[in-house]
$ cat final.pdb   # PDB, C-alpha atoms, pLDDT in the B column
ATOM      1  CA  MET H   1      10.798   4.860 -29.045  1.00 45.00           C
ATOM      2  CA  PRO H   2      10.464   2.597 -25.941  1.00 56.00           C
ATOM      3  CA  GLU H   3       7.034   1.404 -24.879  1.00 73.00           C
ATOM      4  CA  PHE H   4       5.555   2.109 -21.455  1.00 82.00           C
ATOM      5  CA  LEU H   5       3.740  -0.623 -19.554  1.00 80.00           C
ATOM      6  CA  ILE H   6       0.901  -0.556 -17.033  1.00 86.00           C
ATOM      7  CA  GLY H   7       0.403  -4.193 -16.154  1.00 77.00           C
ATOM      8  CA  GLN H   8       0.174  -5.955 -19.511  1.00 73.00           C
ATOM      9  CA  ARG H   9      -0.968  -2.830 -21.381  1.00 86.00           C
ATOM     10  CA  LYS H  10       1.529  -1.298 -23.766  1.00 86.00           C
ATOM     11  CA  TYR H  11       1.543   2.403 -24.545  1.00 91.00           C
ATOM     12  CA  ARG H  12       3.706   4.125 -27.105  1.00 90.00           C
ATOM     13  CA  THR H  13       5.001   6.602 -24.515  1.00 92.00           C
ATOM     14  CA  LYS H  14       4.607   7.401 -20.836  1.00 90.00           C
ATOM     15  CA  GLU H  15       2.504  10.421 -21.814  1.00 94.00           C
ATOM     16  CA  ASP H  16       0.112   8.163 -23.743  1.00 95.00           C
ATOM     17  CA  ALA H  17      -0.238   6.021 -20.606  1.00 94.00           C
ATOM     18  CA  LYS H  18      -1.008   9.116 -18.537  1.00 95.00           C
ATOM     19  CA  LYS H  19      -3.661  10.165 -21.053  1.00 96.00           C
ATOM     20  CA  ALA H  20      -5.369   6.774 -20.688  1.00 96.00           C
ATOM     21  CA  VAL H  21      -5.473   7.184 -16.913  1.00 97.00           C
ATOM     22  CA  ARG H  22      -6.735  10.768 -17.140  1.00 96.00           C
ATOM     23  CA  ALA H  23      -9.504   9.602 -19.468  1.00 97.00           C
ATOM     24  CA  VAL H  24     -10.751   7.296 -16.711  1.00 97.00           C
ATOM     25  CA  LEU H  25     -10.505  10.063 -14.117  1.00 96.00           C
ATOM     26  CA  ARG H  26     -12.525  12.448 -16.311  1.00 95.00           C
ATOM     27  CA  GLY H  27     -15.040   9.824 -17.322  1.00 95.00           C
ATOM     28  CA  TYR H  28     -16.754   9.570 -13.927  1.00 96.00           C
ATOM     29  CA  PRO H  29     -18.390  12.210 -11.720  1.00 95.00           C
ATOM     30  CA  VAL H  30     -16.914  13.028  -8.324  1.00 93.00           C
ATOM     31  CA  GLY H  31     -18.122  10.588  -5.677  1.00 93.00           C
ATOM     32  CA  SER H  32     -18.862   7.786  -8.108  1.00 95.00           C
ATOM     33  CA  THR H  33     -17.315   4.310  -8.214  1.00 95.00           C
ATOM     34  CA  VAL H  34     -15.253   3.187 -11.184  1.00 95.00           C
ATOM     35  CA  ASP H  35     -17.574   0.422 -12.344  1.00 92.00           C
ATOM     36  CA  ASP H  36     -16.115  -0.543 -15.729  1.00 92.00           C
ATOM     37  CA  PRO H  37     -14.094  -3.768 -15.155  1.00 88.00           C
ATOM     38  CA  GLU H  38     -11.401  -2.719 -17.631  1.00 91.00           C
ATOM     39  CA  HIS H  39     -11.017   0.669 -15.954  1.00 95.00           C
ATOM     40  CA  HIS H  40     -10.865  -1.020 -12.531  1.00 92.00           C
ATOM     41  CA  GLN H  41      -8.105  -3.365 -13.710  1.00 88.00           C
ATOM     42  CA  LEU H  42      -6.149  -0.484 -15.238  1.00 93.00           C
ATOM     43  CA  LEU H  43      -6.236   1.405 -11.930  1.00 94.00           C
ATOM     44  CA  LEU H  44      -5.334  -1.738 -10.001  1.00 89.00           C
ATOM     45  CA  ASP H  45      -2.272  -2.311 -12.178  1.00 87.00           C
ATOM     46  CA  LEU H  46      -1.419   1.380 -11.867  1.00 92.00           C
ATOM     47  CA  LEU H  47      -1.714   1.288  -8.081  1.00 91.00           C
ATOM     48  CA  HIS H  48       0.874  -1.497  -7.928  1.00 85.00           C
ATOM     49  CA  MET H  49       3.310   1.034  -9.423  1.00 87.00           C
ATOM     50  CA  HIS H  50       2.781   3.517  -6.572  1.00 89.00           C
ATOM     51  CA  PRO H  51       5.848   4.185  -4.351  1.00 86.00           C
ATOM     52  CA  GLU H  52       3.721   3.215  -1.317  1.00 86.00           C
ATOM     53  CA  ALA H  53       1.721   0.496  -3.033  1.00 85.00           C
ATOM     54  CA  ALA H  54       1.608  -1.861  -0.047  1.00 82.00           C
ATOM     55  CA  VAL H  55       0.183   0.878   2.202  1.00 84.00           C
ATOM     56  CA  LYS H  56      -2.335   2.050  -0.400  1.00 88.00           C
ATOM     57  CA  ILE H  57      -3.501  -1.503  -1.134  1.00 86.00           C
ATOM     58  CA  GLY H  58      -3.630  -2.565   2.526  1.00 82.00           C
ATOM     59  CA  PRO H  59      -5.623  -5.786   2.963  1.00 81.00           C
ATOM     60  CA  GLY H  60      -6.789  -5.598  -0.655  1.00 83.00           C
ATOM     61  CA  VAL H  61      -8.701  -3.428  -3.105  1.00 87.00           C
ATOM     62  CA  GLU H  62     -12.489  -3.510  -3.139  1.00 89.00           C
ATOM     63  CA  ALA H  63     -13.090  -0.631  -5.557  1.00 92.00           C
ATOM     64  CA  PHE H  64     -11.894   2.712  -6.874  1.00 95.00           C
ATOM     65  CA  ALA H  65     -13.787   5.975  -6.559  1.00 95.00           C
ATOM     66  CA  ILE H  66     -13.399   9.535  -7.808  1.00 95.00           C
ATOM     67  CA  ALA H  67     -12.505  11.779  -4.891  1.00 92.00           C
ATOM     68  CA  PRO H  68     -13.055  15.546  -4.651  1.00 89.00           C
ATOM     69  CA  PRO H  69      -9.922  17.687  -5.018  1.00 82.00           C
ATOM     70  CA  LEU H  70      -7.563  17.681  -2.035  1.00 70.00           C
ATOM     71  CA  TRP H  71      -5.970  20.816  -3.457  1.00 70.00           C
ATOM     72  CA  GLY H  72      -6.371  22.654  -6.712  1.00 66.00           C
ATOM     73  CA  PRO H  73      -9.331  22.297  -9.075  1.00 77.00           C
ATOM     74  CA  HIS H  74      -8.967  18.678 -10.150  1.00 84.00           C
ATOM     75  CA  PRO H  75     -10.471  15.521  -8.585  1.00 92.00           C
ATOM     76  CA  GLY H  76      -8.371  12.447  -7.912  1.00 93.00           C
ATOM     77  CA  PHE H  77      -8.577   8.719  -7.374  1.00 95.00           C
ATOM     78  CA  GLN H  78      -9.446   6.997  -4.149  1.00 93.00           C
ATOM     79  CA  VAL H  79      -8.903   3.312  -3.440  1.00 93.00           C
ATOM     80  CA  ILE H  80     -11.489   1.604  -1.236  1.00 92.00           C
ATOM     81  CA  GLN H  81      -9.786  -1.230   0.622  1.00 88.00           C
ATOM     82  CA  THR H  82     -11.581  -4.501   1.339  1.00 83.00           C
ATOM     83  CA  ASP H  83     -12.113  -3.476   4.977  1.00 83.00           C
ATOM     84  CA  GLY H  84     -13.870  -0.297   3.820  1.00 85.00           C
ATOM     85  CA  THR H  85     -10.927   2.049   4.400  1.00 86.00           C
ATOM     86  CA  PRO H  86     -10.725   4.862   1.803  1.00 89.00           C
ATOM     87  CA  ASN H  87      -7.234   5.933   0.758  1.00 89.00           C
ATOM     88  CA  ASP H  88      -6.467   8.724  -1.712  1.00 91.00           C
ATOM     89  CA  PHE H  89      -3.625   8.217  -4.150  1.00 90.00           C
ATOM     90  CA  SER H  90      -2.017  10.386  -6.786  1.00 92.00           C
ATOM     91  CA  TYR H  91      -1.809   8.722 -10.177  1.00 94.00           C
ATOM     92  CA  ARG H  92       1.140  11.002 -10.959  1.00 93.00           C
ATOM     93  CA  ASP H  93       3.156   9.343  -8.191  1.00 93.00           C
ATOM     94  CA  CYS H  94       2.663   6.020  -9.965  1.00 92.00           C
ATOM     95  CA  PHE H  95       4.643   7.322 -12.946  1.00 92.00           C
ATOM     96  CA  LYS H  96       7.658   8.374 -10.906  1.00 88.00           C
ATOM     97  CA  PRO H  97      10.634   6.011 -11.090  1.00 82.00           C
ATOM     98  CA  ARG H  98      10.933   3.963  -7.904  1.00 77.00           C
ATOM     99  CA  THR H  99      14.261   3.198  -6.338  1.00 84.00           C
ATOM    100  CA  TYR H 100      15.051  -0.451  -5.772  1.00 87.00           C
ATOM    101  CA  ARG H 101      14.871   0.209  -2.033  1.00 89.00           C
ATOM    102  CA  GLN H 102      11.276   1.441  -2.399  1.00 83.00           C
ATOM    103  CA  GLN H 103      10.342  -1.635  -4.415  1.00 82.00           C
ATOM    104  CA  VAL H 104      11.842  -3.965  -1.824  1.00 90.00           C
ATOM    105  CA  LEU H 105      10.183  -2.111   1.064  1.00 88.00           C
ATOM    106  CA  ASN H 106       6.781  -2.450  -0.601  1.00 82.00           C
ATOM    107  CA  VAL H 107       7.287  -6.188  -1.060  1.00 88.00           C
ATOM    108  CA  MET H 108       8.613  -6.650   2.479  1.00 92.00           C
ATOM    109  CA  ARG H 109       5.582  -4.849   3.907  1.00 89.00           C
ATOM    110  CA  ASP H 110       3.298  -7.085   1.868  1.00 86.00           C
ATOM    111  CA  GLU H 111       5.151 -10.220   3.026  1.00 92.00           C
ATOM    112  CA  VAL H 112       4.402  -9.482   6.695  1.00 93.00           C
ATOM    113  CA  LYS H 113       0.875  -8.041   6.487  1.00 89.00           C
ATOM    114  CA  GLN H 114      -0.467 -11.189   8.180  1.00 92.00           C
ATOM    115  CA  THR H 115       1.276 -10.111  11.391  1.00 95.00           C
ATOM    116  CA  SER H 116      -0.803  -6.926  11.511  1.00 92.00           C
ATOM    117  CA  THR H 117      -3.966  -8.864  10.712  1.00 92.00           C
ATOM    118  CA  ASP H 118      -3.257 -11.379  13.475  1.00 95.00           C
ATOM    119  CA  TYR H 119      -2.531  -8.574  15.949  1.00 96.00           C
ATOM    120  CA  PHE H 120      -5.834  -6.847  15.200  1.00 94.00           C
ATOM    121  CA  GLU H 121      -7.768 -10.120  15.496  1.00 95.00           C
ATOM    122  CA  ALA H 122      -6.085 -10.913  18.833  1.00 96.00           C
ATOM    123  CA  ARG H 123      -7.037  -7.489  20.207  1.00 96.00           C
ATOM    124  CA  ARG H 124     -10.604  -7.911  19.013  1.00 95.00           C
ATOM    125  CA  ALA H 125     -10.839 -11.398  20.549  1.00 95.00           C
ATOM    126  CA  ALA H 126      -9.544  -9.981  23.835  1.00 96.00           C
ATOM    127  CA  ASP H 127     -12.127  -7.167  23.671  1.00 95.00           C
ATOM    128  CA  THR H 128      -9.392  -4.510  23.830  1.00 95.00           C
ATOM    129  CA  LEU H 129     -10.303  -2.435  20.797  1.00 95.00           C
ATOM    130  CA  ILE H 130      -9.243   0.909  22.244  1.00 96.00           C
ATOM    131  CA  SER H 131      -6.789   3.467  20.928  1.00 96.00           C
ATOM    132  CA  ASP H 132      -3.385   3.033  22.543  1.00 96.00           C
ATOM    133  CA  LEU H 133      -2.833   6.752  22.055  1.00 93.00           C
ATOM    134  CA  SER H 134      -6.053   8.335  23.304  1.00 94.00           C
ATOM    135  CA  GLY H 135      -7.918   5.480  25.021  1.00 95.00           C
ATOM    136  CA  GLN H 136     -10.846   6.057  22.676  1.00 93.00           C
ATOM    137  CA  PRO H 137     -13.007   2.973  22.012  1.00 95.00           C
ATOM    138  CA  LEU H 138     -12.491   1.719  18.463  1.00 94.00           C
ATOM    139  CA  ALA H 139     -14.997   0.437  15.953  1.00 91.00           C
ATOM    140  CA  SER H 140     -13.566  -2.455  13.971  1.00 85.00           C
ATOM    141  CA  THR H 141     -14.083  -0.403  10.797  1.00 82.00           C
ATOM    142  CA  ASP H 142     -12.188   2.597  12.231  1.00 84.00           C
ATOM    143  CA  THR H 143      -9.003   0.963  13.427  1.00 89.00           C
ATOM    144  CA  ALA H 144      -5.408   1.239  12.195  1.00 87.00           C
ATOM    145  CA  VAL H 145      -2.557  -1.005  13.274  1.00 91.00           C
ATOM    146  CA  SER H 146       0.412   1.285  13.920  1.00 91.00           C
ATOM    147  CA  TYR H 147       4.126   1.117  14.730  1.00 92.00           C
ATOM    148  CA  PHE H 148       3.974   4.373  16.718  1.00 90.00           C
ATOM    149  CA  GLN H 149       5.111   2.771  20.002  1.00 91.00           C
ATOM    150  CA  GLY H 150       8.321   1.147  18.793  1.00 92.00           C
ATOM    151  CA  PRO H 151      10.767   1.024  15.882  1.00 93.00           C
ATOM    152  CA  SER H 152       9.259   2.032  12.565  1.00 91.00           C
ATOM    153  CA  PHE H 153       8.617  -0.523   9.855  1.00 91.00           C
ATOM    154  CA  ASN H 154      11.342   1.091   7.759  1.00 89.00           C
ATOM    155  CA  ALA H 155      13.845   0.829  10.615  1.00 94.00           C
ATOM    156  CA  ILE H 156      13.072  -2.875  11.058  1.00 96.00           C
ATOM    157  CA  ALA H 157      13.442  -3.454   7.325  1.00 96.00           C
ATOM    158  CA  GLU H 158      16.663  -1.410   7.129  1.00 95.00           C
ATOM    159  CA  GLU H 159      18.205  -3.528   9.881  1.00 97.00           C
ATOM    160  CA  PHE H 160      17.291  -6.719   8.033  1.00 98.00           C
ATOM    161  CA  ALA H 161      18.619  -5.464   4.690  1.00 97.00           C
ATOM    162  CA  GLU H 162      21.884  -4.341   6.273  1.00 96.00           C
ATOM    163  CA  SER H 163      22.349  -7.770   7.832  1.00 97.00           C
ATOM    164  CA  LEU H 164      22.244  -9.238   4.312  1.00 97.00           C
ATOM    165  CA  GLY H 165      24.644  -6.734   2.802  1.00 96.00           C
ATOM    166  CA  GLY H 166      22.196  -4.158   1.441  1.00 96.00           C
ATOM    167  CA  TRP H 167      18.989  -3.789  -0.551  1.00 95.00           C
ATOM    168  CA  GLU H 168      20.494  -5.039  -3.805  1.00 94.00           C
ATOM    169  CA  THR H 169      21.059  -8.478  -2.284  1.00 96.00           C
ATOM    170  CA  ILE H 170      17.279  -9.009  -1.936  1.00 96.00           C
ATOM    171  CA  GLU H 171      15.884 -10.456  -5.155  1.00 94.00           C
ATOM    172  CA  LEU H 172      12.246  -9.865  -6.116  1.00 89.00           C
ATOM    173  CA  THR H 173       9.951 -11.689  -8.488  1.00 86.00           C
ATOM    174  CA  SER H 174       8.512  -9.769 -11.428  1.00 70.00           C
ATOM    175  CA  SER H 175       5.815  -7.369 -10.259  1.00 54.00           C
ATOM    176  CA  ALA H 176       4.050  -7.877 -13.572  1.00 41.00           C
ATOM    177  CA  GLU H 177       3.599 -11.563 -12.741  1.00 42.00           C
ATOM    178  CA  GLN H 178       3.047 -11.366  -8.982  1.00 41.00           C
ATOM    179  CA  GLY H 179       1.297  -8.077  -8.279  1.00 50.00           C
ATOM    180  CA  LEU H 180       3.629  -6.297  -5.864  1.00 62.00           C
ATOM    181  CA  GLY H 181       6.113  -9.116  -6.350  1.00 75.00           C
ATOM    182  CA  ARG H 182       7.517 -11.429  -3.696  1.00 87.00           C
ATOM    183  CA  LEU H 183      10.901 -12.271  -2.274  1.00 93.00           C
ATOM    184  CA  VAL H 184      12.367 -14.888  -4.586  1.00 93.00           C
ATOM    185  CA  ASP H 185      14.121 -16.769  -1.767  1.00 96.00           C
ATOM    186  CA  ARG H 186      11.281 -18.188   0.329  1.00 95.00           C
ATOM    187  CA  ASP H 187      13.651 -19.180   3.135  1.00 97.00           C
ATOM    188  CA  LEU H 188      14.731 -15.542   3.247  1.00 97.00           C
ATOM    189  CA  ALA H 189      11.066 -14.524   3.286  1.00 96.00           C
ATOM    190  CA  GLU H 190      10.533 -16.685   6.369  1.00 97.00           C
ATOM    191  CA  ARG H 191      13.586 -15.164   8.044  1.00 97.00           C
ATOM    192  CA  TRP H 192      12.221 -11.687   7.298  1.00 98.00           C
ATOM    193  CA  PHE H 193       8.808 -12.648   8.696  1.00 97.00           C
ATOM    194  CA  ILE H 194      10.403 -13.816  11.958  1.00 97.00           C
ATOM    195  CA  HIS H 195      12.746 -10.803  12.144  1.00 98.00           C
ATOM    196  CA  HIS H 196       9.811  -8.417  11.741  1.00 97.00           C
ATOM    197  CA  LYS H 197       7.552 -10.247  14.185  1.00 95.00           C
ATOM    198  CA  GLU H 198      10.249 -10.253  16.890  1.00 96.00           C
ATOM    199  CA  ARG H 199      10.885  -6.501  16.595  1.00 96.00           C
ATOM    200  CA  ALA H 200       7.531  -4.944  15.697  1.00 96.00           C
ATOM    201  CA  VAL H 201       5.798  -3.191  18.595  1.00 96.00           C
ATOM    202  CA  LEU H 202       2.287  -2.780  17.282  1.00 96.00           C
ATOM    203  CA  GLY H 203      -0.582  -0.734  18.628  1.00 96.00           C
ATOM    204  CA  LEU H 204      -4.071   0.353  17.668  1.00 96.00           C
ATOM    205  CA  LEU H 205      -5.185   3.849  16.698  1.00 93.00           C
ATOM    206  CA  THR H 206      -8.195   5.414  15.081  1.00 89.00           C
ATOM    207  CA  LYS H 207      -7.636   5.952  11.386  1.00 78.00           C
ATOM    208  CA  GLN H 208      -7.542   9.714  11.893  1.00 77.00           C
ATOM    209  CA  GLU H 209      -4.921   9.374  14.642  1.00 82.00           C
ATOM    210  CA  SER H 210      -2.855   7.202  12.345  1.00 79.00           C
ATOM    211  CA  LEU H 211      -3.104   9.674   9.473  1.00 65.00           C
ATOM    212  CA  ARG H 212      -1.896  12.524  11.711  1.00 68.00           C
ATOM    213  CA  LEU H 213       1.286  10.676  12.647  1.00 70.00           C
ATOM    214  CA  PRO H 214       4.396  10.683  10.425  1.00 62.00           C
ATOM    215  CA  ARG H 215       4.604   7.697   8.071  1.00 58.00           C
ATOM    216  CA  ARG H 216       6.599   4.939   9.818  1.00 60.00           C
TER     217      ARG H 216
END

$ encode --input "final.pdb" --output "structure tokens"
Amino acid sequence: MPEFLIGQRKYRTKEDAKKAVRAVLRGYPVGSTVDDPEHHQLLLDLLHMHPEAAVKIGPGVEAFAIAPPLWGPHPGFQVIQTDGTPNDFSYRDCFKPRTYRQQVLNVMRDEVKQTSTDYFEARRAADTLISDLSGQPLASTDTAVSYFQGPSFNAIAEEFAESLGGWETIELTSSAEQGLGRLVDRDLAERWFIHHKERAVLGLLTKQESLRLPRR
């Protein structure tokens, strides 16, 4: 029977891997932080398997917490990003097979995250931390960089992939070795960075405004 991997951990089956994750979820009270280093690393490796890993990870992971149920009777996991942003994620989604397109999109988003960081810092330096949707003043801890004013991230990435001949032409490093993985061809990575920067029309929103908009 084939083994199932979460990071470097080997489980006899996928169901055994799920049981290990559920044991962590049930081992902490709602609202608490996952403070065991081994449990934290397990969840970090698991999160890299999420279909929207780059979005869930954001600028980085500070901690994991046990969140109250969003629906149904059972609590769930919440990732606390390094900027303090909480983000719920379903561990079940991490066990769903990802298409190659989803894997590449996650890596491409990670490759250009510096552009969003630079944009936010430029707006803060210019003292223009206001929502581009509502005009509401923004606290630096309640700000989301958004594509809502222009082409979506996925549209920008689709255009780039099509120019190369499709998603399968974009080679990724092993996610087990490099977290989310990276584009193998670093010249191609630079071309993608430039392509994205030239086309992205970024704006600032409150985090709640961003959450209410469709994922782009």

$ resolve_selection --input "final.pdb" --expression "the PyMOL selection byres ((chain H and resi 9-25) around 12)" --output "ChimeraX atom specification"
/H:1-8,26-47,64-69,74-78,90-97,176

$ atom_distance --input "final.pdb" --atom1 "atom CA of H:Pro51" --atom2 "atom CA of H:Asp88"
13.4 Å

$ atom_distance --input "final.pdb" --atom1 "atom CA of H:Ala63" --atom2 "atom CA of H:Tyr147"
26.7 Å

$ closest_residue --input "final.pdb" --among "H:Ala126, H:Ala54, H:Ala200, H:Leu70" --to "H:Ser146" --atoms "only C-alpha atoms"
H:Ala200

$ closest_residue --input "final.pdb" --among "H:Asn154, H:Glu111, H:His50, H:Arg101" --to "H:Val184" --atoms "only C-alpha atoms"
H:Glu111

$ resolve_selection --input "final.pdb" --expression "the PyMOL selection byres ((chain H and resi 60) around 6)" --output "list of chain:residue names"
H:Ile57, H:Gly58, H:Pro59, H:Val61, H:Gln81, H:Thr82

$ closest_residue --input "final.pdb" --among "H:Asp110, H:Glu121, H:Asp185, H:Asp132" --to "H:Leu172" --atoms "only C-alpha atoms"
H:Asp185

$ residues_around --input "final.pdb" --residues "stretch 156-170 of chain H" --least-positions-apart "3" --cutoff "10 Å" --atoms "only C-alpha atoms" --output "PyMOL selection string"
chain H and resi 100-105+108-109+150-153+183-185+188-189+191-192+195-200

$ axis_aligned_box --input "final.pdb" --around "stretch 60-69 of chain H" --padding-each-side "4 Å" --output "AutoDock Vina command-line options"
--center_x -10.3 --center_y 6.0 --center_z -4.2 --size_x 15.0 --size_y 31.3 --size_z 15.2

$ residues_near_point --input "final.pdb" --point "(-4.3, 4.4, 21.0)" --cutoff "10 Å" --atoms "only C-alpha atoms" --output "short mmCIF file (atom, residue, chain, number, x, y, z; two decimals) with C-alpha atoms, in the coordinates of the input"
data_model
loop_
_atom_site.label_atom_id
_atom_site.label_comp_id
_atom_site.auth_asym_id
_atom_site.auth_seq_id
_atom_site.Cartn_x
_atom_site.Cartn_y
_atom_site.Cartn_z
CA LEU H 129 -10.30 -2.44 20.80
CA ILE H 130 -9.24 0.91 22.24
CA SER H 131 -6.79 3.47 20.93
CA ASP H 132 -3.38 3.03 22.54
CA LEU H 133 -2.83 6.75 22.06
CA SER H 134 -6.05 8.34 23.30
CA GLY H 135 -7.92 5.48 25.02
CA GLN H 136 -10.85 6.06 22.68
CA PRO H 137 -13.01 2.97 22.01
CA LEU H 138 -12.49 1.72 18.46
CA THR H 143 -9.00 0.96 13.43
CA ALA H 144 -5.41 1.24 12.20
CA VAL H 145 -2.56 -1.00 13.27
CA SER H 146 0.41 1.28 13.92
CA PHE H 148 3.97 4.37 16.72
CA GLN H 149 5.11 2.77 20.00
CA GLY H 203 -0.58 -0.73 18.63
CA LEU H 204 -4.07 0.35 17.67
CA LEU H 205 -5.18 3.85 16.70
CA THR H 206 -8.20 5.41 15.08
CA GLU H 209 -4.92 9.37 14.64
CA SER H 210 -2.86 7.20 12.34
#

$ atom_distance --input "final.pdb" --atom1 "atom CA of H:Ser174" --atom2 "atom CA of H:Ala53"
14.9 Å

$ closest_residue --input "final.pdb" --among "H:Thr99, H:Asn87, H:Asn106, H:Gln114" --to "H:Ile194" --atoms "only C-alpha atoms"
H:Gln114

$ closest_residue --input "final.pdb" --among "H:Val112, H:Thr141, H:Glu171, H:Arg98" --to "H:Met49" --atoms "all atoms listed in the file"
H:Arg98

$ closest_residue --input "final.pdb" --among "H:Trp71, H:Gln208, H:Leu202, H:Ala139" --to "H:Thr117" --atoms "all atoms listed in the file"
H:Leu202
